[in-house]
Structures are given as structure tokens and as C-alpha cells.
>>> print(open('model17.cif').read())   # mmCIF, C-alpha atoms and all ligand atoms
data_data
loop_
_atom_site.group_PDB
_atom_site.id
_atom_site.type_symbol
_atom_site.label_atom_id
_atom_site.label_comp_id
_atom_site.auth_asym_id
_atom_site.auth_seq_id
_atom_site.Cartn_x
_atom_site.Cartn_y
_atom_site.Cartn_z
ATOM 1 C CA MET A 1 77.627 116.736 115.710
ATOM 2 C CA SER A 2 75.393 117.539 118.695
ATOM 3 C CA GLY A 3 72.060 115.839 119.326
ATOM 4 C CA LEU A 4 70.488 119.293 119.174
ATOM 5 C CA THR A 5 71.664 119.856 115.603
ATOM 6 C CA VAL A 6 70.386 116.444 114.542
ATOM 7 C CA PHE A 7 67.041 117.074 116.265
ATOM 8 C CA TYR A 8 66.500 120.434 114.551
ATOM 9 C CA ALA A 9 67.718 119.145 111.192
ATOM 10 C CA ILE A 10 65.183 116.308 111.254
ATOM 11 C CA LEU A 11 62.489 118.645 112.623
ATOM 12 C CA PHE A 12 62.918 121.037 109.682
ATOM 13 C CA TYR A 13 62.998 118.298 107.067
ATOM 14 C CA ALA A 14 59.815 116.814 108.540
ATOM 15 C CA ALA A 15 58.081 120.206 108.874
ATOM 16 C CA THR A 16 58.972 121.165 105.286
ATOM 17 C CA ALA A 17 57.777 117.817 103.924
ATOM 18 C CA MET A 18 54.505 118.071 105.855
ATOM 19 C CA LEU A 19 53.955 121.690 104.854
ATOM 20 C CA VAL A 20 54.528 121.059 101.149
ATOM 21 C CA GLY A 21 52.794 117.670 101.143
ATOM 22 C CA GLY A 22 49.874 118.743 103.376
ATOM 23 C CA VAL A 23 49.097 122.014 101.635
ATOM 24 C CA GLY A 24 49.693 120.434 98.212
ATOM 25 C CA TYR A 25 47.297 117.602 99.005
ATOM 26 C CA ARG A 26 44.642 119.995 100.314
ATOM 27 C CA CYS A 27 44.915 122.158 97.179
ATOM 28 C CA TRP A 28 44.539 119.039 95.050
ATOM 29 C CA VAL A 29 41.351 118.091 96.956
ATOM 30 C CA TYR A 30 39.998 121.657 96.753
ATOM 31 C CA ALA A 31 40.740 121.860 93.018
ATOM 32 C CA ARG A 32 38.821 118.623 92.380
ATOM 33 C CA THR A 33 35.827 119.539 94.557
ATOM 34 C CA PRO A 34 32.926 120.529 92.290
ATOM 35 C CA GLN A 35 31.269 123.894 92.769
ATOM 36 C CA PRO A 36 27.746 122.760 91.904
ATOM 37 C CA LEU A 37 26.126 126.157 92.321
ATOM 38 C CA LYS A 38 26.855 129.619 90.976
ATOM 39 C CA ILE A 39 27.264 131.684 94.130
ATOM 40 C CA PRO A 40 29.536 134.671 93.353
ATOM 41 C CA LEU A 41 29.248 137.364 95.990
ATOM 42 C CA THR A 42 27.576 140.267 94.190
ATOM 43 C CA PRO A 43 28.301 142.786 92.861
ATOM 44 C CA ALA A 44 30.627 140.360 91.091
ATOM 45 C CA PRO A 45 32.713 140.627 87.918
ATOM 46 C CA THR A 46 31.127 139.249 84.744
ATOM 47 C CA THR A 47 34.379 138.253 82.993
ATOM 48 C CA ARG A 48 37.381 136.061 83.871
ATOM 49 C CA ARG A 49 39.627 139.101 83.667
ATOM 50 C CA GLY A 50 37.345 140.762 86.194
ATOM 51 C CA VAL A 51 37.687 137.775 88.534
ATOM 52 C CA VAL A 52 41.483 137.967 88.297
ATOM 53 C CA LEU A 53 41.331 141.664 89.234
ATOM 54 C CA ARG A 54 38.904 140.922 92.063
ATOM 55 C CA MET A 55 41.240 138.249 93.465
ATOM 56 C CA LEU A 56 44.175 140.614 93.134
ATOM 57 C CA ALA A 57 42.331 143.270 95.165
ATOM 58 C CA GLU A 58 41.431 140.609 97.741
ATOM 59 C CA VAL A 59 44.939 139.306 98.300
ATOM 60 C CA THR A 60 46.780 142.632 98.107
ATOM 61 C CA VAL A 61 44.491 145.066 99.970
ATOM 62 C CA PHE A 62 41.897 142.686 101.542
ATOM 63 C CA LYS A 63 39.091 144.597 99.807
ATOM 64 C CA SER A 64 36.070 142.711 101.166
ATOM 65 C CA LEU A 65 37.470 142.832 104.708
ATOM 66 C CA PHE A 66 37.899 146.593 104.317
ATOM 67 C CA LYS A 67 34.226 146.888 103.423
ATOM 68 C CA SER A 68 33.076 144.754 106.333
ATOM 69 C CA SER A 69 35.241 145.944 109.246
ATOM 70 C CA LYS A 70 37.735 148.801 109.269
ATOM 71 C CA TRP A 71 39.412 147.785 112.550
ATOM 72 C CA THR A 72 39.879 144.151 111.572
ATOM 73 C CA TRP A 73 41.149 145.307 108.214
ATOM 74 C CA LEU A 74 43.637 147.708 109.792
ATOM 75 C CA PHE A 75 45.145 145.106 112.123
ATOM 76 C CA GLY A 76 44.853 142.195 109.705
ATOM 77 C CA TRP A 77 46.408 144.048 106.805
ATOM 78 C CA THR A 78 49.167 145.545 108.961
ATOM 79 C CA PHE A 79 50.025 142.076 110.265
ATOM 80 C CA HIS A 80 50.167 140.487 106.815
ATOM 81 C CA VAL A 81 52.232 143.216 105.146
ATOM 82 C CA ALA A 82 54.639 143.206 108.087
ATOM 83 C CA LEU A 83 54.853 139.406 107.932
ATOM 84 C CA LEU A 84 55.695 139.607 104.235
ATOM 85 C CA ALA A 85 58.447 142.157 104.905
ATOM 86 C CA VAL A 86 59.850 140.024 107.750
ATOM 87 C CA LEU A 87 59.851 136.873 105.615
ATOM 88 C CA LEU A 88 61.514 138.656 102.684
ATOM 89 C CA ARG A 89 64.135 139.972 105.092
ATOM 90 C CA HIS A 90 64.713 136.404 106.305
ATOM 91 C CA LEU A 91 65.686 135.331 102.780
ATOM 92 C CA ARG A 92 69.229 136.333 103.625
ATOM 93 C CA TYR A 93 69.507 133.298 105.920
ATOM 94 C CA PHE A 94 68.765 130.945 103.039
ATOM 95 C CA THR A 95 70.630 132.469 100.075
ATOM 96 C CA GLU A 96 74.314 132.841 99.288
ATOM 97 C CA PRO A 97 75.180 135.333 97.857
ATOM 98 C CA VAL A 98 72.375 137.495 99.305
ATOM 99 C CA TRP A 99 70.361 139.170 96.519
ATOM 100 C CA ALA A 100 70.809 142.957 96.327
ATOM 101 C CA TRP A 101 67.144 143.768 96.967
ATOM 102 C CA VAL A 102 67.115 141.520 100.056
ATOM 103 C CA ALA A 103 70.133 143.416 101.404
ATOM 104 C CA LEU A 104 68.325 146.673 100.630
ATOM 105 C CA ILE A 105 65.181 145.882 102.640
ATOM 106 C CA GLN A 106 67.044 144.730 105.780
ATOM 107 C CA PRO A 107 66.447 147.945 107.788
ATOM 108 C CA PHE A 108 62.670 147.859 107.144
ATOM 109 C CA GLY A 109 62.423 144.304 108.404
ATOM 110 C CA ILE A 110 63.111 145.427 111.946
ATOM 111 C CA TYR A 111 60.210 147.903 111.983
ATOM 112 C CA ALA A 112 58.127 145.199 110.365
ATOM 113 C CA GLY A 113 58.778 142.959 113.384
ATOM 114 C CA PHE A 114 57.112 145.533 115.647
ATOM 115 C CA ALA A 115 54.322 146.241 113.164
ATOM 116 C CA MET A 116 53.643 142.509 113.032
ATOM 117 C CA LEU A 117 53.281 142.403 116.818
ATOM 118 C CA ALA A 118 50.998 145.463 116.810
ATOM 119 C CA GLY A 119 48.750 143.876 114.173
ATOM 120 C CA LEU A 120 48.603 140.604 116.103
ATOM 121 C CA ALA A 121 47.804 142.435 119.353
ATOM 122 C CA GLY A 122 44.857 144.155 117.652
ATOM 123 C CA LEU A 123 43.568 140.920 116.135
ATOM 124 C CA TRP A 124 43.848 139.135 119.454
ATOM 125 C CA ALA A 125 42.167 141.970 121.391
ATOM 126 C CA ARG A 126 39.274 141.726 118.939
ATOM 127 C CA ARG A 127 38.717 138.101 119.946
ATOM 128 C CA PHE A 128 38.240 139.194 123.561
ATOM 129 C CA LEU A 129 36.564 142.570 123.184
ATOM 130 C CA VAL A 130 34.014 142.033 120.388
ATOM 131 C CA ASP A 131 31.197 139.885 121.841
ATOM 132 C CA ARG A 132 30.136 138.105 118.667
ATOM 133 C CA VAL A 133 33.756 137.340 117.733
ATOM 134 C CA ARG A 134 34.551 136.084 121.258
ATOM 135 C CA TYR A 135 31.542 133.781 121.007
ATOM 136 C CA ILE A 136 32.770 132.065 117.827
ATOM 137 C CA SER A 137 36.504 131.997 118.729
ATOM 138 C CA SER A 138 37.857 128.496 119.234
ATOM 139 C CA PRO A 139 41.001 127.579 121.210
ATOM 140 C CA SER A 140 42.849 127.065 117.924
ATOM 141 C CA ASP A 141 42.164 130.687 116.904
ATOM 142 C CA HIS A 142 43.849 131.827 120.105
ATOM 143 C CA LEU A 143 46.626 129.285 119.705
ATOM 144 C CA MET A 144 47.536 130.521 116.200
ATOM 145 C CA LEU A 145 47.707 134.098 117.454
ATOM 146 C CA ALA A 146 49.780 133.056 120.473
ATOM 147 C CA LEU A 147 52.148 131.127 118.203
ATOM 148 C CA LEU A 148 52.669 134.075 115.857
ATOM 149 C CA VAL A 149 53.150 136.491 118.782
ATOM 150 C CA ALA A 150 55.721 134.140 120.331
ATOM 151 C CA ILE A 151 57.600 133.801 117.012
ATOM 152 C CA ALA A 152 57.748 137.572 116.585
ATOM 153 C CA ALA A 153 58.719 138.118 120.250
ATOM 154 C CA SER A 154 61.520 135.524 120.148
ATOM 155 C CA GLY A 155 62.749 137.002 116.841
ATOM 156 C CA LEU A 156 62.834 140.509 118.281
ATOM 157 C CA ALA A 157 64.525 139.152 121.420
ATOM 158 C CA MET A 158 67.333 137.859 119.211
ATOM 159 C CA LYS A 159 67.580 141.194 117.484
ATOM 160 C CA PHE A 160 67.618 143.370 120.599
ATOM 161 C CA VAL A 161 68.364 141.295 123.716
ATOM 162 C CA ALA A 162 70.257 138.051 123.161
ATOM 163 C CA HIS A 163 72.022 137.918 119.802
ATOM 164 C CA THR A 164 72.722 134.642 118.114
ATOM 165 C CA ASP A 165 75.505 133.611 115.742
ATOM 166 C CA ILE A 166 73.835 134.492 112.432
ATOM 167 C CA VAL A 167 76.763 133.213 110.352
ATOM 168 C CA ALA A 168 76.582 129.771 112.005
ATOM 169 C CA LEU A 169 72.777 129.757 111.763
ATOM 170 C CA LYS A 170 73.007 130.492 108.054
ATOM 171 C CA ALA A 171 75.569 127.708 107.604
ATOM 172 C CA PHE A 172 73.097 125.358 109.331
ATOM 173 C CA PHE A 173 70.225 126.192 106.950
ATOM 174 C CA LEU A 174 72.378 126.252 103.802
ATOM 175 C CA GLY A 175 73.754 122.905 105.000
ATOM 176 C CA LEU A 176 70.238 121.502 105.402
ATOM 177 C CA MET A 177 69.446 122.457 101.816
ATOM 178 C CA ALA A 178 72.673 120.919 100.510
ATOM 179 C CA PHE A 179 72.283 117.786 102.708
ATOM 180 C CA SER A 180 75.563 118.577 104.418
ATOM 181 C CA TRP A 181 74.671 119.251 108.059
ATOM 182 C CA GLN A 182 76.451 122.002 110.014
ATOM 183 C CA ALA A 183 76.251 122.734 113.761
ATOM 184 C CA LEU A 184 73.309 124.844 114.958
ATOM 185 C CA PRO A 185 74.101 127.548 117.562
ATOM 186 C CA ALA A 186 72.564 126.504 120.912
ATOM 187 C CA ASP A 187 71.135 129.884 121.926
ATOM 188 C CA PRO A 188 67.817 129.603 123.820
ATOM 189 C CA ALA A 189 66.047 132.427 121.936
ATOM 190 C CA LEU A 190 67.018 130.883 118.582
ATOM 191 C CA LEU A 191 65.965 127.395 119.647
ATOM 192 C CA VAL A 192 62.597 128.711 120.806
ATOM 193 C CA HIS A 193 62.183 130.768 117.596
ATOM 194 C CA LEU A 194 62.942 127.772 115.383
ATOM 195 C CA ALA A 195 60.810 125.288 117.332
ATOM 196 C CA LEU A 196 57.833 127.662 117.081
ATOM 197 C CA VAL A 197 58.457 128.214 113.359
ATOM 198 C CA ALA A 198 58.434 124.434 112.859
ATOM 199 C CA ALA A 199 55.124 124.272 114.776
ATOM 200 C CA LEU A 200 53.726 126.972 112.489
ATOM 201 C CA MET A 201 54.829 125.010 109.422
ATOM 202 C CA LEU A 202 53.204 121.857 110.795
ATOM 203 C CA SER A 203 49.965 123.747 111.408
ATOM 204 C CA LYS A 204 49.900 124.324 107.620
ATOM 205 C CA LEU A 205 48.086 127.673 107.601
ATOM 206 C CA LEU A 206 45.820 126.646 104.776
ATOM 207 C CA HIS A 207 44.026 129.926 104.462
ATOM 208 C CA ALA A 208 46.747 131.373 102.222
ATOM 209 C CA PRO A 209 45.994 129.127 99.216
ATOM 210 C CA GLY A 210 42.427 128.541 100.459
ATOM 211 C CA VAL A 211 41.237 132.032 99.507
ATOM 212 C CA PHE A 212 41.755 131.196 95.828
ATOM 213 C CA PHE A 213 39.308 128.319 96.058
ATOM 214 C CA SER A 214 36.462 130.343 97.550
ATOM 215 C CA PRO A 215 33.509 130.070 95.108
ATOM 216 C CA THR A 216 31.991 133.370 96.262
ATOM 217 C CA LEU A 217 35.161 135.117 95.097
ATOM 218 C CA ASN A 218 36.494 133.051 92.205
ATOM 219 C CA GLN A 219 33.316 132.618 90.151
ATOM 220 C CA VAL A 220 32.364 134.718 87.138
ATOM 221 C CA ASP A 221 28.891 136.229 87.469
ATOM 222 C CA ASP A 222 27.606 134.947 84.091
ATOM 223 C CA PRO A 223 24.794 132.437 84.811
ATOM 224 C CA ARG A 224 22.569 134.233 82.269
ATOM 225 C CA GLU A 225 25.154 133.867 79.488
ATOM 226 C CA ARG A 226 26.657 130.408 80.162
ATOM 227 C CA ARG A 227 25.320 127.225 81.605
ATOM 228 C CA HIS A 228 27.158 126.333 84.809
ATOM 229 C CA ALA A 229 28.011 122.639 84.967
ATOM 230 C CA ALA A 230 30.150 121.098 87.699
ATOM 231 C CA GLY A 231 30.634 117.601 89.116
ATOM 232 C CA TRP A 232 27.367 115.683 89.089
ATOM 233 C CA SER A 233 25.619 118.232 86.906
ATOM 234 C CA ALA A 234 28.390 117.917 84.275
ATOM 235 C CA GLN A 235 27.914 114.132 84.338
ATOM 236 C CA LEU A 236 24.167 114.564 83.840
ATOM 237 C CA ASP A 237 24.918 116.806 80.863
ATOM 238 C CA THR A 238 27.161 114.143 79.301
ATOM 239 C CA ARG A 239 24.514 111.445 79.782
ATOM 240 C CA ALA A 240 21.793 113.663 78.372
ATOM 241 C CA GLY A 241 24.119 114.434 75.437
ATOM 242 C CA ALA A 242 24.713 110.703 74.837
ATOM 243 C CA LYS A 243 20.957 110.135 74.667
ATOM 244 C CA GLY A 244 20.729 112.861 72.084
ATOM 245 C CA GLY A 245 19.313 115.614 74.137
HETATM 246 C C1 LIG A 301 63.607 128.721 109.561
HETATM 247 C C2 LIG A 301 63.081 129.881 109.542
HETATM 248 C C3 LIG A 301 63.583 131.061 110.366
HETATM 249 C C4 LIG A 301 64.838 131.377 110.790
HETATM 250 C C5 LIG A 301 66.132 130.630 110.532
HETATM 251 C C6 LIG A 301 64.745 132.615 111.540
HETATM 252 C C7 LIG A 301 65.813 133.275 112.143
HETATM 253 C C8 LIG A 301 65.755 134.532 112.719
HETATM 254 C C9 LIG A 301 66.874 135.258 113.248
HETATM 255 C C10 LIG A 301 68.302 134.760 113.276
HETATM 256 C C11 LIG A 301 66.429 136.458 113.703
HETATM 257 C C12 LIG A 301 67.262 137.565 114.356
HETATM 258 C C13 LIG A 301 67.664 138.587 113.334
HETATM 259 C C14 LIG A 301 68.797 139.492 113.752
HETATM 260 O O1 LIG A 301 69.293 139.396 114.875
HETATM 261 O O2 LIG A 301 69.178 140.309 112.907
HETATM 262 C C15 LIG A 301 65.010 136.493 113.451
HETATM 263 C C16 LIG A 301 64.206 137.556 113.738
HETATM 264 C C17 LIG A 301 62.849 137.568 113.532
HETATM 265 N N1 LIG A 301 62.077 136.533 113.034
HETATM 266 FE FE1 LIG A 301 62.754 134.762 112.332
HETATM 267 N N2 LIG A 301 63.455 133.024 111.565
HETATM 268 C C18 LIG A 301 62.705 132.098 110.842
HETATM 269 C C19 LIG A 301 61.364 132.133 110.579
HETATM 270 C C20 LIG A 301 60.515 133.158 110.969
HETATM 271 C C21 LIG A 301 59.098 133.200 110.683
HETATM 272 C C22 LIG A 301 58.304 132.156 109.893
HETATM 273 C C23 LIG A 301 58.634 134.360 111.228
HETATM 274 C C24 LIG A 301 57.252 134.926 111.241
HETATM 275 C C25 LIG A 301 56.145 134.231 111.262
HETATM 276 C C26 LIG A 301 59.753 135.033 111.863
HETATM 277 C C27 LIG A 301 59.676 136.240 112.521
HETATM 278 C C28 LIG A 301 60.764 136.961 112.985
HETATM 279 C C29 LIG A 301 60.687 138.322 113.488
HETATM 280 C C30 LIG A 301 59.422 139.176 113.594
HETATM 281 C C31 LIG A 301 61.982 138.704 113.825
HETATM 282 C C32 LIG A 301 62.434 140.074 114.407
HETATM 283 C C33 LIG A 301 62.539 141.122 113.323
HETATM 284 C C34 LIG A 301 63.609 140.829 112.314
HETATM 285 O O3 LIG A 301 64.773 140.650 112.705
HETATM 286 O O4 LIG A 301 63.260 140.722 111.131
HETATM 287 N N3 LIG A 301 60.876 134.265 111.695
HETATM 288 N N4 LIG A 301 64.623 135.319 112.851
#
>>> encode(input="model17.cif", output="C-alpha cells")
Amino acid sequence: MSGLTVFYAILFYAATAMLVGGVGYRCWVYARTPQPLKIPLTPAPTTRRGVVLRMLAEVTVFKSLFKSSKWTWLFGWTFHVALLAVLLRHLRYFTEPVWAWVALIQPFGIYAGFAMLAGLAGLWARRFLVDRVRYISSPSDHLMLALLVAIAASGLAMKFVAHTDIVALKAFFLGLMAFSWQALPADPALLVHLALVAALMLSKLLHAPGVFFSPTLNQVDDPRERRHAAGWSAQLDTRAGAKGG
């Protein structure tokens, strides 16, 4: 077994462990952080069902982004939908036999690769062209965009310029999951693609679960109907209750 295979095998185990562990830990911290104040962004739903629908509209069509900036919405939404299609298409590298619906969406995945790049280009241009966005952009904002562009570009390079041995690649990943390591093809585009993917996994991309913990979006607008108690205020309530009022 080549040193390269061993290196990538360990890299992907480590990246997966850190992704699951890191994001899991963060979610645990977020879930335990009290929301001491009622601060739903109005107009806000007044029932839990309403909050579920609001969240659904947020994560599927980016509703509040649509209201605030049409251009950012267009590029941001395009990028995310394309990313989803690309990732679903990639399921065929990790499943045997390949599910019928994954086989069915294969052709769309290729267009999605280009759509993903177009979305990223728009989002990146915004960070240079819009003054107030350029002012608040940090190096890590640019780095994330560069990383995603490089992943998409190396993926498309494999598709259209320098093919890799997909059968061997699939054997490598199925082998990783079964703890029976198989050789990884040593094609430069694939090695670059995979190293960048591992970097993306290590960067954790917390904003995916993070949106669900945003108090302005996940709170019910019912402060007139129910008393809001969280963290220290809940403790005060218990103590007041113990004293009989
Ligand atoms: C371990 C995970 C991954 C593996 C094994 C992998 C492997 C591959 C392979 C073999 C191709 C070439 C497809 C072909 O020639 O038909 C490809 C293409 C591509 N990959 Fe990945 N990739 C992974 C993760 C990702 C991630 C996380 C992204 C996006 C953030 C991504 C984005 C792309 C894109 C945009 C393409 C070109 C379009 C397409 O073929 O779907 N890949 N990938």
C-alpha cells in the first residue's frame, strides 16, 4: 500500500472525526446557551408551527436574504442549490449498489458544477465591488470562497480535462468505510480535489446548523401570552417559586 493511500486514509478519518465532533460539540454548546431575551425579528410567527414554517422558508428559499438583497440572494441561492445537487450526485462514490434516484440525477450534477462556480463568482465579486461588504470582509471570508471555487474547479477538471479512475476511487472510499483500505488513484486533479475537500471538512462550516439556533428566527412572537424564562431568569423564577411567590 502506497504512502499516499495511507496519508489520504488517515486524513479523511481525521477530517470526518473533527467535522462530526466539532460541529456536534458546537451544536451542544449552542443548544445549552440561554436566550435571555425575546428578540424575534418581526413580523414574526406567533405559534410554534409558524416558526417551523418560517425556518423552512429560510433554509429552502432564503426568504429573509431575498427581502434584503436580490443579487446576494440570486448568487447565494444558486450556489447552495447547485452544491446540494453536486453532493447528491457524489453519493454514487459512497454507496454500492447506487440508489436509483442517485443514478437518475447524474446528468444534472454536471450543470450544477458550473452553476456552483457561477454562484461563487457572484458572491466573491460582491466582496470586492460592494463598498460596505468589502469593508467588513475578513481574509477568512475570501479563503472560504477560494476553497469552494478550487474544489469545484478541480472537480470539473476531472470531469472534462484529466479523468481519474472512478472505480478505484470508489473502492478507496468504500474501503475506508469498511476499514479495509484500498489503493487510491494518484491523479493530481483528484489528489488536489480530495485535499481541498478535507480542508473544507476541517473548517467545519458551522453556519449550516447555526441558522437553526438564531434567536431572531427561531423564537415564537408570544411575549404577551407567555412569560419568557431562560437561563438565569429561569433560575430566578425557581427561587421565587420556592419562597412562595
Ligand atoms: C470525499 C469527497 C469527494 C470525492 C471522493 C469527490 C470526487 C469527485 C470526482 C471523482 C469527480 C469527477 C466526476 C466525474 O468525472 O464524473 C468530482 C467532481 C466534482 N466534485 Fe467532488 N468529490 C468529493 C467532494 C466534493 C465536495 C465536498 C464538493 C463541493 C463542495 C465537490 C465538488 C465537485 C464538483 C463541482 C465536481 C464537478 C461536477 C460533477 O462531476 O459533479 N466534491 N468529485
>>> axis_aligned_box(input="model17.cif", around="ligand LIG 301 (chain A)", padding_each_side="4 Å", output="lines of an AutoDock Vina configuration file")
center_x = 62.7
center_y = 134.9
center_z = 112.2
size_x = 21.1
size_y = 20.4
size_z = 13.3
>>> closest_residue(input="model17.cif", among="A:Asp222, A:Glu96, A:Glu58, A:Asp165", to="Met177 of chain A", atoms="all atoms listed in the file")
A:Glu96
>>> residues_around(input="model17.cif", residues="Val6 of chain A", least_positions_apart="4", cutoff="10 Å", atoms="all atoms listed in the file", output="ChimeraX atom specification")
/A:1-2,10-11,181-184
>>> resolve_selection(input="model17.cif", expression="the PyMOL selection byres (((chain A and resi 123-131) around 12) and not hetatm)", output="VMD selection string")
chain A and resid 69 to 80 116 to 122 132 to 149
>>> residues_near_point(input="model17.cif", point="(64.5, 137.4, 100.0)", cutoff="12 Å", atoms="only C-alpha atoms", output="PDB file with C-alpha atoms, in the coordinates of the input")
ATOM      1  CA  LEU A  84      55.695 139.607 104.235  1.00  0.00           C
ATOM      2  CA  ALA A  85      58.447 142.157 104.905  1.00  0.00           C
ATOM      3  CA  VAL A  86      59.850 140.024 107.750  1.00  0.00           C
ATOM      4  CA  LEU A  87      59.851 136.873 105.615  1.00  0.00           C
ATOM      5  CA  LEU A  88      61.514 138.656 102.684  1.00  0.00           C
ATOM      6  CA  ARG A  89      64.135 139.972 105.092  1.00  0.00           C
ATOM      7  CA  HIS A  90      64.713 136.404 106.305  1.00  0.00           C
ATOM      8  CA  LEU A  91      65.686 135.331 102.780  1.00  0.00           C
ATOM      9  CA  ARG A  92      69.229 136.333 103.625  1.00  0.00           C
ATOM     10  CA  TYR A  93      69.507 133.298 105.920  1.00  0.00           C
ATOM     11  CA  PHE A  94      68.765 130.945 103.039  1.00  0.00           C
ATOM     12  CA  THR A  95      70.630 132.469 100.075  1.00  0.00           C
ATOM     13  CA  GLU A  96      74.314 132.841  99.288  1.00  0.00           C
ATOM     14  CA  PRO A  97      75.180 135.333  97.857  1.00  0.00           C
ATOM     15  CA  VAL A  98      72.375 137.495  99.305  1.00  0.00           C
ATOM     16  CA  TRP A  99      70.361 139.170  96.519  1.00  0.00           C
ATOM     17  CA  ALA A 100      70.809 142.957  96.327  1.00  0.00           C
ATOM     18  CA  TRP A 101      67.144 143.768  96.967  1.00  0.00           C
ATOM     19  CA  VAL A 102      67.115 141.520 100.056  1.00  0.00           C
ATOM     20  CA  ALA A 103      70.133 143.416 101.404  1.00  0.00           C
ATOM     21  CA  LEU A 104      68.325 146.673 100.630  1.00  0.00           C
ATOM     22  CA  ILE A 105      65.181 145.882 102.640  1.00  0.00           C
ATOM     23  CA  GLN A 106      67.044 144.730 105.780  1.00  0.00           C
ATOM     24  CA  GLY A 109      62.423 144.304 108.404  1.00  0.00           C
TER      25      GLY A 109
END
>>> resolve_selection(input="model17.cif", expression="the PyMOL selection byres (((chain A and resi 211) around 12) and not hetatm)", output="list in words")
Cys27, Tyr30, Arg54, Met55, Leu56, Glu58, Val59, Phe62, Ser64, Leu205, Leu206, His207, Ala208, Pro209, Gly210, Phe212, Phe213, Ser214, Pro215, Thr216, Leu217 and Asn218 of chain A
>>> atom_distance(input="model17.cif", atom1="atom CA of Leu83 of chain A", atom2="atom CA of Gly22 of chain A")
21.7 Å
>>> resolve_selection(input="model17.cif", expression="the PyMOL selection byres (((chain A and resi 155-164) around 12) and not hetatm)", output="MDAnalysis selection string")
chainID A and resid 86:87 90 107 109:117 148:154 165:170 184:197
>>> closest_residue(input="model17.cif", among="A:Leu41, A:Ala229, A:Val81, A:Val51", to="ligand LIG 301 (chain A)", atoms="all atoms listed in the file")
A:Val81
>>> atom_distance(input="model17.cif", atom1="atom C9 of ligand LIG 301 (chain A)", atom2="atom CA of Val20 of chain A")
22.4 Å
>>> closest_residue(input="model17.cif", among="A:Phe66, A:Tyr13, A:Trp28, A:Phe179", to="ligand LIG 301 (chain A)", atoms="only C-alpha atoms and all ligand atoms")
A:Tyr13
>>> atom_distance(input="model17.cif", atom1="atom CA of Leu53 of chain A", atom2="atom C21 of ligand LIG 301 (chain A)")
29.1 Å
